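Enquirer: What follows is model-v9.cif, mmCIF, C-alpha atoms.
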data_input
loop_
_atom_site.label_atom_id
_atom_site.label_comp_id
_atom_site.auth_asym_id
_atom_site.auth_seq_id
_atom_site.Cartn_x
_atom_site.Cartn_y
_atom_site.Cartn_z
CA ALA A 1117 17.20 -22.91 -8.54
CA VAL A 1118 19.92 -20.75 -7.09
CA PRO A 1119 22.14 -22.65 -4.61
CA GLY A 1120 21.09 -21.94 -1.05
CA LYS A 1121 17.65 -20.65 -2.02
CA ASP A 1122 14.40 -22.58 -1.79
CA GLY A 1123 11.60 -21.91 -4.24
CA LYS A 1124 8.38 -20.45 -2.88
CA ALA A 1125 6.41 -19.84 -6.07
CA SER A 1126 6.94 -20.20 -9.82
CA TYR A 1127 5.12 -18.43 -12.63
CA LYS A 1128 4.44 -18.64 -16.35
CA SER A 1129 4.39 -15.65 -18.69
CA ASN A 1130 0.59 -15.63 -18.91
CA ASP A 1131 0.10 -15.63 -15.10
CA LEU A 1132 -0.69 -12.39 -13.32
CA THR A 1133 2.37 -11.88 -11.12
CA PRO A 1134 4.10 -9.22 -9.05
CA GLY A 1135 6.16 -6.99 -11.31
CA ASP A 1136 3.63 -7.07 -14.16
CA TYR A 1137 2.76 -3.78 -15.88
CA TYR A 1138 -0.67 -2.21 -15.41
CA TYR A 1139 -1.89 0.01 -18.25
CA ARG A 1140 -4.27 2.94 -18.55
CA ASP A 1141 -6.72 0.76 -20.50
CA GLY A 1142 -7.03 -1.61 -17.51
CA THR A 1143 -4.98 -4.46 -18.98
CA CYS A 1144 -1.73 -6.00 -17.72
CA SER A 1145 1.31 -7.57 -19.35
CA ASP A 1146 4.19 -9.75 -18.23
CA GLY A 1147 7.10 -8.11 -16.40
CA GLY A 1148 9.31 -11.20 -16.49
CA LEU A 1149 9.02 -12.60 -12.96
CA ARG A 1150 9.35 -16.38 -13.04
CA GLY A 1151 9.85 -17.27 -9.40
CA ILE A 1152 9.98 -16.03 -5.82
CA TYR A 1153 12.24 -17.65 -3.27
CA THR A 1154 11.38 -18.22 0.38
CA ASP A 1155 13.61 -15.27 1.34
CA GLY A 1156 11.35 -12.97 -0.71
CA THR A 1157 13.73 -12.30 -3.59
CA GLY A 1158 12.58 -12.89 -7.15
CA VAL A 1159 14.08 -14.19 -10.36
CA GLY A 1160 13.45 -12.59 -13.75
CA ALA A 1161 11.64 -9.49 -12.50
CA GLY A 1162 12.02 -6.58 -14.91
CA SER A 1163 13.45 -8.75 -17.67
CA VAL A 1164 10.51 -8.13 -20.02
CA ALA A 1165 9.75 -4.63 -21.31
CA PRO A 1166 6.25 -3.13 -21.29
CA ILE A 1167 4.17 -2.94 -24.47
CA GLY A 1168 5.35 0.17 -26.28
CA SER A 1169 1.96 1.16 -27.66
CA LYS A 1170 0.38 1.34 -24.19
CA THR A 1171 0.79 3.70 -21.23
CA VAL A 1172 2.00 2.08 -18.01
CA ILE A 1173 0.39 3.60 -14.92
CA GLY A 1174 1.34 1.10 -12.22
CA ILE A 1175 3.03 -2.14 -11.21
CA VAL A 1176 1.32 -5.21 -9.76
CA PHE A 1177 2.74 -6.06 -6.32
CA TRP A 1178 0.18 -8.46 -4.82
CA VAL A 1179 -2.02 -10.99 -6.56
CA GLY A 1180 -5.24 -12.10 -4.94
CA ASP A 1181 -8.69 -10.86 -4.00
CA PRO A 1182 -8.37 -7.85 -1.66
CA THR A 1183 -12.10 -8.10 -0.87
CA LYS A 1184 -11.89 -11.71 0.35
CA GLY A 1185 -12.12 -12.27 4.09
CA ASN A 1186 -10.46 -15.67 4.51
CA HIS A 1187 -6.67 -15.69 4.79
CA ASP A 1188 -4.08 -17.80 6.61
CA ASN A 1189 -0.49 -16.63 6.88
CA GLY A 1190 0.16 -18.17 10.29
CA THR A 1191 -2.75 -16.25 11.74
CA VAL A 1192 -6.20 -17.25 10.49
CA PHE A 1193 -8.37 -14.33 9.40
CA THR A 1194 -12.02 -14.32 8.39
CA ASP A 1195 -12.01 -10.55 7.83
CA PHE A 1196 -8.66 -10.00 6.12
CA GLY A 1197 -10.00 -8.21 3.04
CA ASP A 1198 -11.28 -4.66 2.72
CA PRO A 1199 -15.02 -4.54 3.54
CA ALA A 1200 -15.62 -1.15 1.90
CA LEU A 1201 -13.89 -2.25 -1.28
CA LYS A 1202 -16.11 -5.32 -1.39
CA ILE A 1203 -19.24 -3.18 -1.19
CA GLU A 1204 -18.25 -0.23 -3.39
CA LYS A 1205 -15.85 -1.83 -5.91
CA SER A 1206 -16.92 -5.47 -6.01
CA GLY A 1207 -15.16 -6.11 -9.32
CA CYS A 1208 -11.71 -5.34 -7.89
CA THR A 1209 -10.77 -8.93 -7.11
CA HIS A 1210 -7.47 -9.57 -8.91
CA GLY A 1211 -4.71 -7.84 -6.98
CA LEU A 1212 -3.03 -4.60 -5.94
CA VAL A 1213 -1.08 -2.11 -8.06
CA VAL A 1214 1.34 0.60 -6.94
CA ALA A 1215 1.76 3.96 -8.65
CA LEU A 1216 4.89 4.78 -10.65
CA GLN A 1217 5.93 7.75 -8.53
CA ASP A 1218 5.43 9.25 -5.09
CA ALA A 1219 2.51 11.62 -4.62
CA SER A 1220 4.70 13.45 -2.10
CA ALA A 1221 8.43 13.34 -1.39
CA GLY A 1222 7.85 14.28 2.25
CA THR A 1223 4.92 15.44 4.32
CA GLN A 1224 3.36 15.26 7.76
CA TRP A 1225 0.38 12.97 8.38
CA GLN A 1226 -1.22 15.88 10.22
CA THR A 1227 0.18 19.25 11.24
CA THR A 1228 -1.80 19.07 14.48
CA ALA A 1229 -2.73 15.57 15.64
CA THR A 1230 -6.39 14.85 16.24
CA ASP A 1231 -8.42 11.71 16.82
CA VAL A 1232 -9.36 11.02 13.20
CA GLY A 1233 -10.46 7.47 13.99
CA GLY A 1234 -12.80 8.69 16.70
CA TRP A 1235 -14.44 11.15 14.32
CA THR A 1236 -14.82 8.64 11.50
CA ASN A 1237 -16.21 5.98 13.84
CA SER A 1238 -19.02 8.36 14.79
CA ASN A 1239 -19.64 10.10 11.49
CA THR A 1240 -19.07 7.64 8.64
CA SER A 1241 -20.26 4.17 7.66
CA TYR A 1242 -16.68 2.95 7.14
CA GLY A 1243 -14.79 0.59 9.43
CA SER A 1244 -12.28 1.93 11.92
CA ILE A 1245 -8.98 3.29 10.59
CA VAL A 1246 -7.34 2.65 13.99
CA ALA A 1247 -4.83 -0.16 14.43
CA GLY A 1248 -2.82 -1.64 17.28
CA TYR A 1249 0.02 -4.15 17.47
CA VAL A 1250 -1.52 -7.61 17.80
CA ALA A 1251 -1.68 -10.23 15.06
CA THR A 1252 -5.46 -10.13 14.67
CA ASP A 1253 -5.59 -6.33 14.63
CA ALA A 1254 -6.28 -4.16 11.58
CA VAL A 1255 -2.55 -3.45 11.20
CA ASN A 1256 -2.38 -6.92 9.62
CA LYS A 1257 -5.36 -6.51 7.26
CA LEU A 1258 -6.06 -4.97 3.86
CA ARG A 1259 -7.86 -1.76 4.80
CA GLY A 1260 -6.40 0.98 2.61
CA TYR A 1261 -9.50 1.70 0.54
CA ASN A 1262 -11.73 1.70 3.62
CA ASN A 1263 -9.35 3.96 5.53
CA THR A 1264 -8.92 6.40 2.67
CA GLN A 1265 -12.66 6.74 2.07
CA ALA A 1266 -13.22 7.42 5.78
CA ILE A 1267 -10.40 9.96 5.85
CA ARG A 1268 -11.76 11.69 2.74
CA GLU A 1269 -15.01 12.32 4.59
CA TYR A 1270 -13.04 13.63 7.57
CA ASN A 1271 -10.97 15.93 5.33
CA THR A 1272 -14.14 17.33 3.78
CA PHE A 1273 -15.46 18.02 7.27
CA VAL A 1274 -12.36 19.90 8.53
CA GLY A 1275 -11.60 21.69 5.23
CA ASN A 1276 -8.49 22.07 3.10
CA ASN A 1277 -6.92 24.79 5.24
CA SER A 1278 -7.32 23.03 8.59
CA PRO A 1279 -4.19 22.04 10.59
CA ASN A 1280 -6.09 18.78 11.27
CA LEU A 1281 -6.28 17.79 7.59
CA VAL A 1282 -4.83 14.34 6.85
CA LEU A 1283 -2.21 15.47 4.38
CA PRO A 1284 -1.21 12.18 2.66
CA VAL A 1285 -4.81 11.60 1.52
CA GLN A 1286 -5.14 15.18 0.31
CA THR A 1287 -1.82 14.77 -1.51
CA ILE A 1288 -3.00 11.60 -3.28
CA ASP A 1289 -6.27 13.22 -4.31
CA VAL A 1290 -4.44 16.20 -5.85
CA TRP A 1291 -1.92 13.90 -7.56
CA ALA A 1292 -4.62 11.52 -8.82
CA ALA A 1293 -6.34 14.31 -10.75
CA SER A 1294 -3.40 14.20 -13.19
CA ASN A 1295 -2.98 10.42 -13.04
CA PRO A 1296 -6.36 8.88 -13.86
CA LEU A 1297 -7.18 5.21 -13.49
CA PRO A 1298 -9.58 3.01 -15.49
CA ALA A 1299 -13.18 3.02 -14.31
CA SER A 1300 -12.84 -0.70 -13.58
CA SER A 1301 -10.35 0.01 -10.80
CA SER A 1302 -10.84 1.18 -7.22
CA GLY A 1303 -9.18 4.52 -7.86
CA TRP A 1304 -5.95 5.53 -6.13
CA TYR A 1305 -5.84 5.38 -2.34
CA LEU A 1306 -3.43 5.53 0.61
CA PRO A 1307 -2.37 1.98 1.54
CA SER A 1308 -2.94 0.46 4.94
CA THR A 1309 0.08 -0.69 6.95
CA LYS A 1310 -0.38 -4.27 5.75
CA GLU A 1311 -0.56 -3.21 2.11
CA LEU A 1312 2.62 -1.15 2.49
CA SER A 1313 4.33 -4.12 4.12
CA LEU A 1314 3.32 -6.38 1.23
CA LEU A 1315 4.70 -3.78 -1.17
CA CYS A 1316 8.06 -3.95 0.60
CA GLU A 1317 8.29 -7.67 1.35
CA GLN A 1318 6.42 -10.92 1.79
CA ASP A 1319 3.33 -11.85 3.81
CA VAL A 1320 4.03 -12.47 7.52
CA ASN A 1321 1.51 -13.12 10.27
CA ASN A 1322 2.30 -10.09 12.44
CA ILE A 1323 4.01 -7.23 10.66
CA TYR A 1324 4.81 -5.24 13.80
CA TYR A 1325 6.38 -7.92 16.02
CA ASN A 1326 7.62 -10.32 13.32
CA GLY A 1327 8.18 -7.80 10.55
CA SER A 1328 9.15 -8.83 7.08
CA TYR A 1329 12.63 -7.32 7.53
CA GLY A 1330 13.29 -7.60 3.85
CA THR A 1331 12.83 -5.78 0.59
CA GLY A 1332 12.17 -8.57 -1.90
CA MET A 1333 8.91 -7.16 -3.24
CA ARG A 1334 10.30 -3.64 -3.31
CA ASP A 1335 13.12 -4.93 -5.50
CA ILE A 1336 10.74 -6.81 -7.82
CA VAL A 1337 8.62 -3.67 -8.28
CA ASN A 1338 11.66 -1.45 -8.75
CA GLY A 1339 13.01 -3.81 -11.40
CA ALA A 1340 9.81 -3.34 -13.40
CA ILE A 1341 9.80 0.44 -12.87
CA ARG A 1342 13.37 0.70 -14.18
CA LYS A 1343 12.32 -1.13 -17.35
CA ILE A 1344 9.71 1.52 -18.18
CA GLY A 1345 12.35 4.12 -18.93
CA SER A 1346 10.01 7.05 -18.33
CA PRO A 1347 11.27 10.13 -16.46
CA ALA A 1348 7.94 10.14 -14.63
CA ALA A 1349 8.63 6.70 -13.12
CA ALA A 1350 10.51 6.66 -9.82
CA ILE A 1351 11.62 3.62 -7.86
CA LEU A 1352 10.50 3.03 -4.28
CA SER A 1353 13.04 4.61 -1.97
CA SER A 1354 15.66 2.43 -0.25
CA SER A 1355 17.03 5.23 1.94
CA GLY A 1356 17.37 4.29 5.60
CA TYR A 1357 15.84 7.62 6.56
CA THR A 1358 12.76 7.26 4.39
CA LEU A 1359 9.35 6.28 5.73
CA TYR A 1360 6.16 5.74 3.77
CA TRP A 1361 2.94 6.82 5.49
CA SER A 1362 0.04 4.40 5.76
CA SER A 1363 -3.65 5.20 6.19
CA SER A 1364 -3.67 3.34 9.53
CA GLU A 1365 -3.92 5.55 12.61
CA PHE A 1366 -2.22 4.28 15.77
CA ILE A 1367 -4.33 3.62 18.88
CA SER A 1368 -2.67 6.67 20.37
CA PHE A 1369 -3.98 9.23 17.89
CA SER A 1370 -0.77 11.25 18.08
CA ALA A 1371 0.84 8.76 15.68
CA ALA A 1372 0.21 6.86 12.45
CA PHE A 1373 1.83 3.70 11.12
CA THR A 1374 4.73 3.78 8.67
CA VAL A 1375 6.89 1.27 6.82
CA ARG A 1376 10.61 1.88 6.30
CA PHE A 1377 11.48 0.64 2.82
CA SER A 1378 15.18 0.13 3.55
CA ASN A 1379 14.37 -2.91 5.70
CA GLY A 1380 10.60 -3.47 5.93
CA VAL A 1381 10.31 -2.32 9.54
CA VAL A 1382 6.82 -1.27 10.67
CA ASP A 1383 6.48 1.43 13.30
CA ALA A 1384 4.17 4.17 14.56
CA TYR A 1385 5.54 7.70 14.10
CA ASN A 1386 4.31 11.01 15.40
CA LYS A 1387 2.02 12.57 12.83
CA ASP A 1388 4.04 15.81 12.65
CA GLN A 1389 7.13 14.05 11.24
CA THR A 1390 7.93 15.66 7.90
CA ASN A 1391 9.98 12.92 6.23
CA GLY A 1392 7.10 10.61 5.32
CA LYS A 1393 6.70 9.81 1.64
CA VAL A 1394 3.31 9.09 0.09
CA ARG A 1395 2.75 6.43 -2.57
CA ALA A 1396 -0.70 5.57 -3.87
CA ILE A 1397 -1.96 2.05 -4.60
#
Since I need it in another form, could you write the structure as structure tokens?
Expert:
Amino acid sequence: AVPGKDGKASYKSNDLTPGDYYYRDGTCSDGGLRGIYTDGTGVGAGSVAPIGSKTVIGIVFWVGDPTKGNHDNGTVFTDFGDPALKIEKSGCTHGLVVALQDASAGTQWQTTATDVGGWTNSNTSYGSIVAGYVATDAVNKLRGYNNTQAIREYNTFVGNNSPNLVLPVQTIDVWAASNPLPASSSGWYLPSTKELSLLCEQDVNNIYYNGSYGTGMRDIVNGAIRKIGSPAAAILSSSGYTLYWSSSEFISFSAAFTVRFSNGVVDAYNKDQTNGKVRAI
């Protein structure tokens, strides 16, 4: 152990862990992580190179069943997991993977803000994409697949040239056409606020009020990305001015939730902000 740091979790090479490489054939291999401390930092991440004969397409950042309802991180959930993922992709029960590069270096969520959640609530079978601030709200749940599927139906309804189009989802769908995933996966989607927060840092019970205020998971993932050595791989941004858009619409439909990857801060930003990056999971 490092002096002054308490161990939170330890791993063996054959465990599925954050920082592991995810390949186009649907397999994973060890990225070198051997432990995570209680402050969110990791030891050994990025110390093992990927398998040279395979094509890396993503990095594991959360291990668990994203379809499972029960979860206790200080707040007890019985509906923590993604209900749409459970129905449509029931085999996706091992964890979450992030793409190797941004689908967009900067875009608006919408050019003209509209009540996307209101439309989807009335016109799709998916759960609400709207989130508020409280601990039991959807802002603290895994909902990215659900949200993205609902938004895809909305985007089809308004059309590609509409000022109401949800641009991060359109951006991912265009990008994904050149970055295919195995059939055993969920397909690429825009993460929920909670999923973005997990990608930046550790699990906390209320990401808006408590925040993770750290970048331990971002650093573990970036360590693995640096080991790939491909010009197509780009680390998650640490710029203080950079926000990543989520698929979670704020209760005031003029805004959507973001996570700042310089410090893990969660906030709701006006949808017409142009500096939001897009990263698929």
Enquirer: Could you tell me which residues the PyMOL selection byres ((chain A and resi 1252) around 9) grabs in this file, written as a list in words?
Expert: Thr1191, Val1192, Phe1193, Tyr1249, Val1250, Ala1251, Asp1253, Ala1254, Val1255, Asn1256, Lys1257, Asn1321 and Asn1322 of chain A
Enquirer: Any chance you could work out the residue set of the PyMOL selection byres ((chain A and resi 1327) around 12) here, as JSON, numbers by chain?
Expert: {"A": [1249, 1251, 1255, 1256, 1309, 1310, 1312, 1313, 1314, 1316, 1317, 1318, 1319, 1320, 1321, 1322, 1323, 1324, 1325, 1326, 1328, 1329, 1330, 1331, 1375, 1376, 1377, 1379, 1380, 1381, 1382, 1383]}
Enquirer: What does the PyMOL selection byres ((chain A and resi 1300) around 9) select in this file, as a list of chain:residue names?
Expert: A:Gly1142, A:Lys1205, A:Gly1207, A:Cys1208, A:Leu1297, A:Pro1298, A:Ala1299, A:Ser1301, A:Ser1302, A:Gly1303
Enquirer: My list of candidates is A:Ile1336, A:Gln1226, A:Ala1371, A:Ala1293. Which is closest to Arg1150 (chain A) when distances are computed with only C-alpha atoms?
Expert: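 That would be A:Ile1336, the residue with the smallest distance to Arg1150 (chain A).
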Enquirer: Just want the 10 Å neighbourhood of Thr1358 (chain A), counted on only C-alpha atoms, with same-chain residues fewer than 6 positions away dropped. Output as a list in words.
Expert: Ala1221, Gly1222, Leu1352, Thr1374, Val1375, Arg1376, Phe1377, Ser1378, Asn1391, Gly1392 and Lys1393 of chain A
Enquirer: Might you pull out every residue within 10 Å of Asn1338 (chain A), with all atoms listed in the file counted and same-chain residues fewer than 6 positions away left off, and present them as a PyMOL selection string?
Expert: chain A and resi 1135+1161-1162+1175+1216+1332+1349-1353
Enquirer: Ranking A:Thr1171, A:Ser1278, A:Ser1163, A:Thr1157 by minimum distance to Cys1144 (chain A) and counting only C-alpha atoms, which one comes first?
Expert: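 Result for the nearest residue to Cys1144 (chain A): A:Thr1171.
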Enquirer: In Å, with one decimal, what is the gap from CA of Met1333 (chain A) to CA of Gly1156 (chain A)?
Expert: 6.8 Å
Enquirer: A:Ser1364, A:Gly1211, A:Ile1152, A:Val1176: which is nearest Ala1247 (chain A), counting only C-alpha atoms?
Expert: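 Once distances to Ala1247 (chain A) are computed over only C-alpha atoms, the minimum belongs to A:Ser1364.
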Enquirer: For CA of Gly1174 (chain A) and CA of Gly1151 (chain A), determine how far apart the two atoms are, in Å to one decimal place.
Expert: 20.4 Å
Enquirer: Which is closer to Leu1149 (chain A) than all the others in A:Ala1340, A:Thr1390, A:Leu1283, A:Glu1204, using only C-alpha atoms?
Expert: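 That would be A:Ala1340, the residue with the smallest distance to Leu1149 (chain A).
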Enquirer: Which residue, A:Ala1165, A:Asn1277, A:Thr1230, A:Ile1288, has the smallest gap to Gly1345 (chain A) when you use all atoms listed in the file?
Expert: A:Ala1165
Enquirer: In Å to one decimal, how far is CA of Leu1281 (chain A) from CA of Asn1239 (chain A)?
Expert: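 According to the coordinates, CA of Asn1239 (chain A) and CA of Leu1281 (chain A) are separated by 15.9 Å.
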Enquirer: Just checking: using only C-alpha atoms, which residue out of A:Gly1160, A:Gly1260, A:Gly1234, A:Pro1134 ends up closest to Phe1177 (chain A)?
Expert: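 Closest to Phe1177 (chain A), using only C-alpha atoms: A:Pro1134.
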